[in-house]
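K.L.:
Below you will find the structure I want to go over with you.
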Amino acid sequence: MRTRPRATYRVQLRREFDFDAARETVPYLAELGISHLYCSPLLQAATGSAHGYDVVDPTRVSEELGGDAGLQRLDAELRRHGMGLLVDIVPNHMCIASPLNASWWDVLRHGRASRFATWFDIDWEAPGLEGRVLLPVLGDDLARVLERGELEVAEGEAGDLELRYFEQRFPLAAATATAPGEATAQLLAQQHFLLEHWRSGLRRVNYRRFFDVSSLAGVRVEEPWVYEATHERIISLVRDGVADGVRVDHVDGLRDPEGYLQRLRSSLGDEAWIVVEKILASGEELPPEWPVDGTTGYEVAALLTHVALDGSGAQQLVEAYPSLSGDRTDFMEQELASRRLVLEQLLESELDRLARAATAAAGAAAKQALAALLAAMPVYRLYPRAGHELSQRDAALLRSAAATARRDAPEVTDIIDNIVELLQGGAGASADEVRLRFQQLSAATTAKGVEDTAFYRYVPLVSLDEVGGDPGRLGLSAGEWQEAVSHAPPLGLTATATHDTKRGEDARVRVSMLAEMPERWIESCQALSALGTRHRGERGPSPAAELLLYQTLVAAHPIGAARLTAYMQKAVREAKQETSWLDPDPAYEDDVKRFTRAVLEDAEMIAVIESVLGAMTPFWYHAALTQALLKLVLPGVADIYQGGELWDLRLVDPDNRGPVDYAMRRAALVSLESMDTAAVLEHMAEGLPKLHLISTALALRRRRADAFSADTRCAPLAATGAAADHVLGIMRGDGVAAVGVLRPLRLAGRWCDTAVDLPPGSWRNLLDGRDVAGGTTPLASLLDRFPVALLERRR
């Protein structure tokens with residue numbers, strides 16, 4: 001490993017921000033204190049890819065990003081500044097919508113005879129397809145498409161004849177076409193693939209997809225030859241020292257995560273840094289047998305949100321939610337309903353495939369029983385190994401799911417019991433097929449049902465509707481906090497925002513603060529609803545969508561109409577109630593867009609939002625600085641999402657994946673050198689105190705590596721006095737202390753006799769430059785110049 005991980009900075013690579021653009025940021029990131037550039041996937045993706053997760057050729061570095069030469073220039077710049085590289089890899093799937101994917105192209109040309117027939121997770125025995133691959137790509141029934149002449153045979157770039165459907169291209173089996181022209185039904189019948197209307201085809205797709213995305217096909221990396229072919233380039237980047245490690249995308253999509261990770265560790269070596277995108281449920285821990293260094297940090301973001309939450313105020317908002325939204329469904333009910341919905345509408349082909357595998361052992365009603373079990377899973381998935389029984393932990397989780405499934409589907413209780421027995425440790429290849437494929441579908445069901453559906457339906461306090469979050473958990477006790485912190489891996493990422501989070505880290509803080517002013521927020525919602533009457537259309541928005549809009553304004557104000565209307569359209573489609581991606585309702589969506597624009601132009605309504613924000617200012621700044629401070633001092637590697645070193649009020653993608661003004665950030669960092677604390681605080685609205693905190697903390701981590709090592713304890717710093725429950729203090733070893741403020745709006749600066757007990761010695765508060773004596777230290781004096789404290793013991 002080139003350099004010990006201390007802090008990562010995540011960038012989203014794309015054509016507009018390629019290796020050379022990333023290279024230009026390196027001097028700034030080094031000055032900020034970053035040890036590792038952390039980049040999105042860099043292998044060859046589909047043309048024009050905005051994110052890189054649609055890889056078409058895992059053997060090549062992306063030409064659009066600058067190719068090998070561009071990567072070498074980036075590597076050289078990182079080396080000059082003593083920095084390393086963490087690379088995102090995508091083992092679960094590949095993009096199949098491009099002829100640049102030669103392996104998929106070969107499968108379509110040769111069918112089961114292709115040498116890549118087992119590369120992808122294809123069900124060649126799917127009923128009614130006669131050993132062909134079904135492609136749900138047509139905009140109409142095949143007969144009408146043929147009648148209109150929309151399918152044609154044309155000469156490809158290499159001179160071969162190929163099939164074209166508008167911009168889509170497909171290879172033709174050998175000797176089935178002799179000249180360009182309109183395609184015929186007879187020609188199509190000779191191919192190894194079957195074209196079908198996208199709508200009906202979704203229910204018959206016979207390859208595993210990334211969730212419900214038909215252009216991303218599952219790859220069988222559990223096969224050694226497939227693993228070697230898809231990982232050779234990444235392995236060489238690590239072994240050659242270009243990358244210090246990898247971030248494994250969607251590890252829960254793999255058939256055998258543990259087996260894959262063991263192979264990856266063996267390939268990369270013991271010194272390589274490996275983190276996994278694993279979303280942990282409340283109380284869930286990373287499987288200890290995985291040979292990895294930690295996760296990408298969603299659980300840390302959730303932990304920081306919950307520990308800062310005003311639980312009693314949040315409860316008031318939950319109790320008021322039915323009257324504000326007209327929805328009396330609690331989150332557990334919404335979650336179950338949403339999981340069922342995505343299984344029925346989006347993942348039916350995967351469910352059918354699983355049911356066919358289970359029918360022989362479980363019975364004819366296997367599909368219904370499997371759906372009930374999948375909907376009831378309390379975690380993303382379990383981790384069986386072929387031929388082995390479930391661990392005690394996984395067996396307990398399965399029993400919990402089974403109990404819920406029996407209540408939900410009592411008519412198939414016996415079938416549920418049969419499947420549970422099979423999942424617990426059935427013997428033989430057919431049993432393993434059910435056990436392992438069940439887990440892959442369980443992960444997809446949770447992601448689509450919870451993250452991308454229930455989180456947009458249940459909206460009493462949307463800061464809790466976050467990847468890795470739990471809207472049913474209203475707060476966190478001191479004991480729970482310390483237990484979670486004490487088990488944090490030293491090389492796992494501590495993140496507060498990622499490219500997949502639902503809103504920026506500081507936007508989330510603003511929304512959470514509504515729980516510190518519940519009566520006022522409820523009254524504001526009622527006033528907004530009354531004022532909004534003049535803008536509502538015949539169809540919408542629904543009361544729940546309206547409540548989401550108002551919270552989004554709190555989160556992101558000031559925000560322009562283009563960003564907000566785009567967000568609201570995505571949100572109402574994800575909720576899958578009045579409209580959806582599958583069945584968009586233009587009339588409803590137009591009403592939502594018009595209402596959103598009208599609210600932004602309504603001075604009275606915006607005045608209500610600004611009044612709420614005025615009441616929580618400057619306290620939301622203090623809460624956001626506390627969140628940043630804790631992320632920077634907790635065990636793990638501090639992770640900053642691109643642009644997040646200043647206030648982050650962005651929304652879900654694509655809003656959070658736009659360009660970042662690095663010139664402005666460089667200038668801001670330089671300006672800090674000539675500012676005292678008071679001057680920094682004068683620029684609170686621009687985010688300079690956050691930048692000051694981050695650069696100061698990262699400099700400390702670099703200077704005092706001993707205080708942040710794997711062996712250094714992370715212990716609570718005791719607080720006493722009337723407002724002790726508003727203090728969150730941390731000790732890193734004996735030489736570093738951090739003090740943050742919880743629920744600062746409720747506190748309103750009334751520290752009274754509250755104090756922290758610093759260990760004996762002379763301390764320096766690095767954020768305001770003052771010396772502090774050890775012993776009982778009043779908060780009123782410790783935090784009178786800067787909202788949080790970061791202290792280093794001098795002697």
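So you can find residues: chains in the structure tokens are A, B, ... in the order shown, residues in each start at 1, and ligands are numbered from 1 in order.
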Please identify every residue of stretch 418-505 of chain A that has at least one atom no farther than 7 Å from an atom of stretch 326-349 of chain A, counting only C-alpha atoms, and for each give the shortest atom pair and the distance in Å to one decimal, arranged by chain then increasing number, as a Markdown table.
P.N.:
| residue | atom | partner | partner_atom | distance |
| --- | --- | --- | --- | --- |
| A:Thr445 | CA | A:Arg339 | CA | 6.0 |
| A:Thr446 | CA | A:Arg339 | CA | 6.7 |
| A:Lys448 | CA | A:Val342 | CA | 6.6 |
| A:Gly449 | CA | A:Arg339 | CA | 4.2 |
| A:Val450 | CA | A:Glu335 | CA | 5.9 |
| A:Thr453 | CA | A:Ser338 | CA | 6.0 |
| A:Ala454 | CA | A:Glu335 | CA | 5.4 |
| A:Tyr458 | CA | A:Phe331 | CA | 6.2 |
| A:Pro471 | CA | A:Phe331 | CA | 6.9 |
| A:Gly472 | CA | A:Phe331 | CA | 6.5 |
K.L.:
Quick one: write out the picked residues with all heavy atoms as a PDB file, in the first residue's frame?
P.N.:
ATOM      1  N   THR A 445     -34.909  -7.110  -3.657  1.00  0.00           N
ATOM      2  CA  THR A 445     -36.233  -6.770  -3.122  1.00  0.00           C
ATOM      3  C   THR A 445     -36.126  -5.669  -2.081  1.00  0.00           C
ATOM      4  O   THR A 445     -36.929  -4.725  -2.050  1.00  0.00           O
ATOM      5  CB  THR A 445     -36.884  -8.016  -2.501  1.00  0.00           C
ATOM      6  OG1 THR A 445     -36.976  -9.050  -3.482  1.00  0.00           O
ATOM      7  CG2 THR A 445     -38.269  -7.703  -1.968  1.00  0.00           C
ATOM      8  N   THR A 446     -35.130  -5.765  -1.222  1.00  0.00           N
ATOM      9  CA  THR A 446     -34.951  -4.745  -0.188  1.00  0.00           C
ATOM     10  C   THR A 446     -34.563  -3.413  -0.790  1.00  0.00           C
ATOM     11  O   THR A 446     -35.115  -2.364  -0.436  1.00  0.00           O
ATOM     12  CB  THR A 446     -33.890  -5.204   0.826  1.00  0.00           C
ATOM     13  OG1 THR A 446     -34.263  -6.474   1.361  1.00  0.00           O
ATOM     14  CG2 THR A 446     -33.749  -4.201   1.954  1.00  0.00           C
ATOM     15  N   LYS A 448     -35.011  -2.212  -3.866  1.00  0.00           N
ATOM     16  CA  LYS A 448     -36.088  -1.574  -4.641  1.00  0.00           C
ATOM     17  C   LYS A 448     -37.324  -1.320  -3.785  1.00  0.00           C
ATOM     18  O   LYS A 448     -38.025  -0.321  -3.975  1.00  0.00           O
ATOM     19  CB  LYS A 448     -36.462  -2.449  -5.841  1.00  0.00           C
ATOM     20  CG  LYS A 448     -35.375  -2.588  -6.881  1.00  0.00           C
ATOM     21  CD  LYS A 448     -34.895  -1.242  -7.414  1.00  0.00           C
ATOM     22  CE  LYS A 448     -35.980  -0.464  -8.139  1.00  0.00           C
ATOM     23  NZ  LYS A 448     -35.470   0.836  -8.647  1.00  0.00           N
ATOM     24  N   GLY A 449     -37.609  -2.215  -2.843  1.00  0.00           N
ATOM     25  CA  GLY A 449     -38.827  -2.072  -2.051  1.00  0.00           C
ATOM     26  C   GLY A 449     -38.715  -1.053  -0.941  1.00  0.00           C
ATOM     27  O   GLY A 449     -39.680  -0.333  -0.650  1.00  0.00           O
ATOM     28  N   VAL A 450     -37.534  -0.974  -0.323  1.00  0.00           N
ATOM     29  CA  VAL A 450     -37.360  -0.061   0.812  1.00  0.00           C
ATOM     30  C   VAL A 450     -36.735   1.249   0.348  1.00  0.00           C
ATOM     31  O   VAL A 450     -37.358   2.309   0.413  1.00  0.00           O
ATOM     32  CB  VAL A 450     -36.515  -0.719   1.917  1.00  0.00           C
ATOM     33  CG1 VAL A 450     -36.369   0.226   3.103  1.00  0.00           C
ATOM     34  CG2 VAL A 450     -37.168  -2.028   2.366  1.00  0.00           C
ATOM     35  N   THR A 453     -38.787   2.757  -2.757  1.00  0.00           N
ATOM     36  CA  THR A 453     -40.250   2.826  -2.727  1.00  0.00           C
ATOM     37  C   THR A 453     -40.730   3.324  -1.366  1.00  0.00           C
ATOM     38  O   THR A 453     -41.250   4.429  -1.243  1.00  0.00           O
ATOM     39  CB  THR A 453     -40.881   1.459  -3.051  1.00  0.00           C
ATOM     40  OG1 THR A 453     -40.380   0.980  -4.303  1.00  0.00           O
ATOM     41  CG2 THR A 453     -42.401   1.592  -3.170  1.00  0.00           C
ATOM     42  N   ALA A 454     -40.554   2.506  -0.321  1.00  0.00           N
ATOM     43  CA  ALA A 454     -41.090   2.871   1.002  1.00  0.00           C
ATOM     44  C   ALA A 454     -40.533   4.197   1.504  1.00  0.00           C
ATOM     45  O   ALA A 454     -41.251   4.978   2.143  1.00  0.00           O
ATOM     46  CB  ALA A 454     -40.788   1.754   2.006  1.00  0.00           C
ATOM     47  N   TYR A 458     -43.363   6.913   2.983  1.00  0.00           N
ATOM     48  CA  TYR A 458     -43.514   7.209   4.416  1.00  0.00           C
ATOM     49  C   TYR A 458     -42.628   8.405   4.736  1.00  0.00           C
ATOM     50  O   TYR A 458     -41.406   8.290   4.823  1.00  0.00           O
ATOM     51  CB  TYR A 458     -43.105   5.981   5.231  1.00  0.00           C
ATOM     52  CG  TYR A 458     -43.282   6.146   6.720  1.00  0.00           C
ATOM     53  CD1 TYR A 458     -44.547   6.033   7.311  1.00  0.00           C
ATOM     54  CD2 TYR A 458     -42.189   6.400   7.551  1.00  0.00           C
ATOM     55  CE1 TYR A 458     -44.703   6.183   8.684  1.00  0.00           C
ATOM     56  CE2 TYR A 458     -42.344   6.539   8.915  1.00  0.00           C
ATOM     57  CZ  TYR A 458     -43.603   6.435   9.474  1.00  0.00           C
ATOM     58  OH  TYR A 458     -43.764   6.574  10.835  1.00  0.00           O
ATOM     59  N   PRO A 471     -36.484   4.469   9.526  1.00  0.00           N
ATOM     60  CA  PRO A 471     -37.487   5.456   9.929  1.00  0.00           C
ATOM     61  C   PRO A 471     -38.272   5.069  11.172  1.00  0.00           C
ATOM     62  O   PRO A 471     -38.929   5.917  11.775  1.00  0.00           O
ATOM     63  CB  PRO A 471     -38.411   5.529   8.701  1.00  0.00           C
ATOM     64  CG  PRO A 471     -37.589   5.037   7.568  1.00  0.00           C
ATOM     65  CD  PRO A 471     -36.710   3.986   8.154  1.00  0.00           C
ATOM     66  N   GLY A 472     -38.200   3.810  11.557  1.00  0.00           N
ATOM     67  CA  GLY A 472     -38.891   3.381  12.764  1.00  0.00           C
ATOM     68  C   GLY A 472     -38.075   3.558  14.027  1.00  0.00           C
ATOM     69  O   GLY A 472     -38.560   3.304  15.135  1.00  0.00           O
TER      70      GLY A 472
END
K.L.:
Using backbone DSSP assignments, extract all helix (DSSP H, G or I) residues from stretch 319-382 of chain A; output them as an NGL selection string.
P.N.:
:A and (319-325 or 331-345 or 348-362 or 366-376)
K.L.:
Skipping near chain neighbours, those fewer than 2 positions away, what residues fall within 6 Å of stretch 153-155 of chain A using only C-alpha atoms, listed as a count of residues only?
P.N.:
9
K.L.:
A:Gln262: which residues within 10 Å, counting only C-alpha atoms, same-chain residues fewer than 2 positions away excluded, as an mmCIF file with N, CA and C atoms, in the first residue's frame?
P.N.:
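out32.cif written:
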data_model
loop_
_atom_site.group_PDB
_atom_site.id
_atom_site.type_symbol
_atom_site.label_atom_id
_atom_site.label_comp_id
_atom_site.auth_asym_id
_atom_site.auth_seq_id
_atom_site.Cartn_x
_atom_site.Cartn_y
_atom_site.Cartn_z
ATOM 1 N N PRO A 257 -20.968 -14.053 -1.675
ATOM 2 C CA PRO A 257 -20.091 -12.925 -1.329
ATOM 3 C C PRO A 257 -18.812 -13.344 -0.614
ATOM 4 N N GLU A 258 -18.933 -14.249 0.347
ATOM 5 C CA GLU A 258 -17.738 -14.644 1.088
ATOM 6 C C GLU A 258 -16.717 -15.325 0.189
ATOM 7 N N GLY A 259 -17.178 -16.238 -0.652
ATOM 8 C CA GLY A 259 -16.266 -16.912 -1.572
ATOM 9 C C GLY A 259 -15.604 -15.929 -2.526
ATOM 10 N N TYR A 260 -16.386 -14.980 -3.032
ATOM 11 C CA TYR A 260 -15.837 -13.955 -3.925
ATOM 12 C C TYR A 260 -14.770 -13.126 -3.209
ATOM 13 N N LEU A 264 -10.892 -12.536 -4.017
ATOM 14 C CA LEU A 264 -10.387 -11.184 -4.267
ATOM 15 C C LEU A 264 -9.205 -10.876 -3.356
ATOM 16 N N ARG A 265 -9.330 -11.218 -2.080
ATOM 17 C CA ARG A 265 -8.233 -10.985 -1.144
ATOM 18 C C ARG A 265 -6.984 -11.746 -1.577
ATOM 19 N N SER A 266 -7.158 -12.974 -2.007
ATOM 20 C CA SER A 266 -6.029 -13.774 -2.471
ATOM 21 C C SER A 266 -5.379 -13.132 -3.695
ATOM 22 N N SER A 267 -6.200 -12.573 -4.571
ATOM 23 C CA SER A 267 -5.683 -11.958 -5.800
ATOM 24 C C SER A 267 -4.929 -10.672 -5.519
ATOM 25 N N GLU A 289 -16.286 -13.274 9.056
ATOM 26 C CA GLU A 289 -15.417 -14.135 8.257
ATOM 27 C C GLU A 289 -15.025 -13.497 6.921
ATOM 28 N N TRP A 290 -15.618 -12.355 6.576
ATOM 29 C CA TRP A 290 -15.256 -11.709 5.310
ATOM 30 C C TRP A 290 -13.861 -11.103 5.421
ATOM 31 N N PRO A 291 -12.986 -11.364 4.486
ATOM 32 C CA PRO A 291 -11.618 -10.823 4.543
ATOM 33 C C PRO A 291 -11.552 -9.404 3.963
ATOM 34 N N VAL A 292 -12.261 -8.490 4.617
ATOM 35 C CA VAL A 292 -12.320 -7.101 4.143
ATOM 36 C C VAL A 292 -11.984 -6.162 5.295
#
K.L.:
Which polymer residues have any atom within 7 Å of an atom of A:Asp591, counting only C-alpha atoms, with same-chain residues fewer than 4 positions away left out, as a PyMOL selection string?
P.N.:
chain A and resi 537+539-541+587+595
K.L.:
Could you save the residues just selected, with C-alpha atoms, as a compact mmCIF listing (two decimals), in the first residue's frame?
P.N.:
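Writing the result to selection-v7.txt gives the following:
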# COMPACT_ATOMS: atom_id res chain seq x y z
CA GLY A 537 -54.54 20.69 -9.51
CA ARG A 539 -55.05 15.28 -9.57
CA GLY A 540 -52.31 16.35 -7.25
CA PRO A 541 -50.08 16.45 -5.48
CA ALA A 587 -51.73 14.42 -15.70
CA PHE A 595 -47.75 23.03 -7.88
K.L.:
Rounded to one decimal place, report the atom CA of A:Gly644-atom CA of A:Arg79 distance in Å.
P.N.:
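Straight-line distance from atom CA of A:Gly644 to atom CA of A:Arg79 works out to 24.1 Å.
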K.L.:
Just want the 10 Å neighbourhood of A:Leu698, counted on only C-alpha atoms, with same-chain residues fewer than 6 positions away dropped. Output as a count of residues only.
P.N.:
11
K.L.:
How would you write, as a PyMOL selection string, the set of residues in stretch 597-646 of chain A that DSSP gives as strand (DSSP E)?
P.N.:
chain A and resi 637-641
K.L.:
Could you save those same residues with N, CA and C atoms as an mmCIF file, in the first residue's frame?
P.N.:
data_model
loop_
_atom_site.group_PDB
_atom_site.id
_atom_site.type_symbol
_atom_site.label_atom_id
_atom_site.label_comp_id
_atom_site.auth_asym_id
_atom_site.auth_seq_id
_atom_site.Cartn_x
_atom_site.Cartn_y
_atom_site.Cartn_z
ATOM 1 N N VAL A 637 -11.848 5.537 8.302
ATOM 2 C CA VAL A 637 -11.239 6.461 7.351
ATOM 3 C C VAL A 637 -12.297 7.480 6.949
ATOM 4 N N ALA A 638 -12.056 8.742 7.286
ATOM 5 C CA ALA A 638 -13.042 9.791 7.010
ATOM 6 C C ALA A 638 -13.250 9.929 5.510
ATOM 7 N N ASP A 639 -14.517 9.907 5.077
ATOM 8 C CA ASP A 639 -14.839 9.985 3.652
ATOM 9 C C ASP A 639 -15.623 11.256 3.367
ATOM 10 N N ILE A 640 -15.158 12.022 2.386
ATOM 11 C CA ILE A 640 -15.838 13.248 1.978
ATOM 12 C C ILE A 640 -16.330 13.059 0.555
ATOM 13 N N TYR A 641 -17.618 13.266 0.358
ATOM 14 C CA TYR A 641 -18.186 13.167 -0.989
ATOM 15 C C TYR A 641 -17.930 14.470 -1.737
#
K.L.:
Just the residues within 9 Å of A:Val275, please, counting only C-alpha atoms, with nothing from its chain fewer than 3 positions along; format it as a ChimeraX atom specification.
P.N.:
/A:245-248,278,292-296,491-493
K.L.:
Counting only C-alpha atoms, which of A:Ala623, A:Met517, A:Ile89, A:Ala715 gets nearest to A:Val61?
P.N.:
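Ranked by minimum distance to A:Val61, first place goes to A:Ile89.
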K.L.:
Considering only C-alpha atoms, tabulate each residue of stretch 433-496 of chain A that lies at most 9 Å from stretch 551-559 of chain A along with its nearest interatomic pair and the corresponding distance in Å to one decimal; arrange the rows by chain and ascending residue number and present them as JSON lines.
P.N.:
{"residue": "A:Val459", "atom": "CA", "partner": "A:Gln551", "partner_atom": "CA", "distance": 8.9}
{"residue": "A:Leu461", "atom": "CA", "partner": "A:Gln551", "partner_atom": "CA", "distance": 7.9}
{"residue": "A:Val462", "atom": "CA", "partner": "A:Gln551", "partner_atom": "CA", "distance": 7.3}
K.L.:
Given the selection you just returned, output its residues as a file containing N, CA, C and O atoms, formatted as an mmCIF file, in the first residue's frame.
P.N.:
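So the final result, stored in again-v1.cif, reads:
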data_model
loop_
_atom_site.group_PDB
_atom_site.id
_atom_site.type_symbol
_atom_site.label_atom_id
_atom_site.label_comp_id
_atom_site.auth_asym_id
_atom_site.auth_seq_id
_atom_site.Cartn_x
_atom_site.Cartn_y
_atom_site.Cartn_z
ATOM 1 N N VAL A 459 -43.243 9.591 4.934
ATOM 2 C CA VAL A 459 -42.439 10.809 4.970
ATOM 3 C C VAL A 459 -42.737 11.734 6.158
ATOM 4 O O VAL A 459 -42.768 12.946 6.001
ATOM 5 N N LEU A 461 -40.656 12.329 8.580
ATOM 6 C CA LEU A 461 -39.384 13.018 8.784
ATOM 7 C C LEU A 461 -38.381 12.371 7.834
ATOM 8 O O LEU A 461 -37.790 11.343 8.121
ATOM 9 N N VAL A 462 -38.160 13.008 6.680
ATOM 10 C CA VAL A 462 -37.461 12.327 5.590
ATOM 11 C C VAL A 462 -35.955 12.208 5.810
ATOM 12 O O VAL A 462 -35.288 11.497 5.058
#
K.L.:
Measuring atom to atom with only C-alpha atoms, identify which of A:Ser325, A:Asp768, A:Arg169, A:Ala719 is nearest to A:Leu549.
P.N.:
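Counting only C-alpha atoms, the residue closest to A:Leu549 is A:Ser325.
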K.L.:
Which residue out of A:Ala495, A:Ala395, A:Ala667, A:Ala173 has the minimum interatomic distance to A:Ala302 when only C-alpha atoms are used?
P.N.:
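Of the candidates, the smallest distance to A:Ala302 is held by A:Ala495.
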K.L.:
Which value, in Å to one decimal, gives the distance between atom CA of A:Pro288 and atom CA of A:Tyr383?
P.N.:
11.6 Å
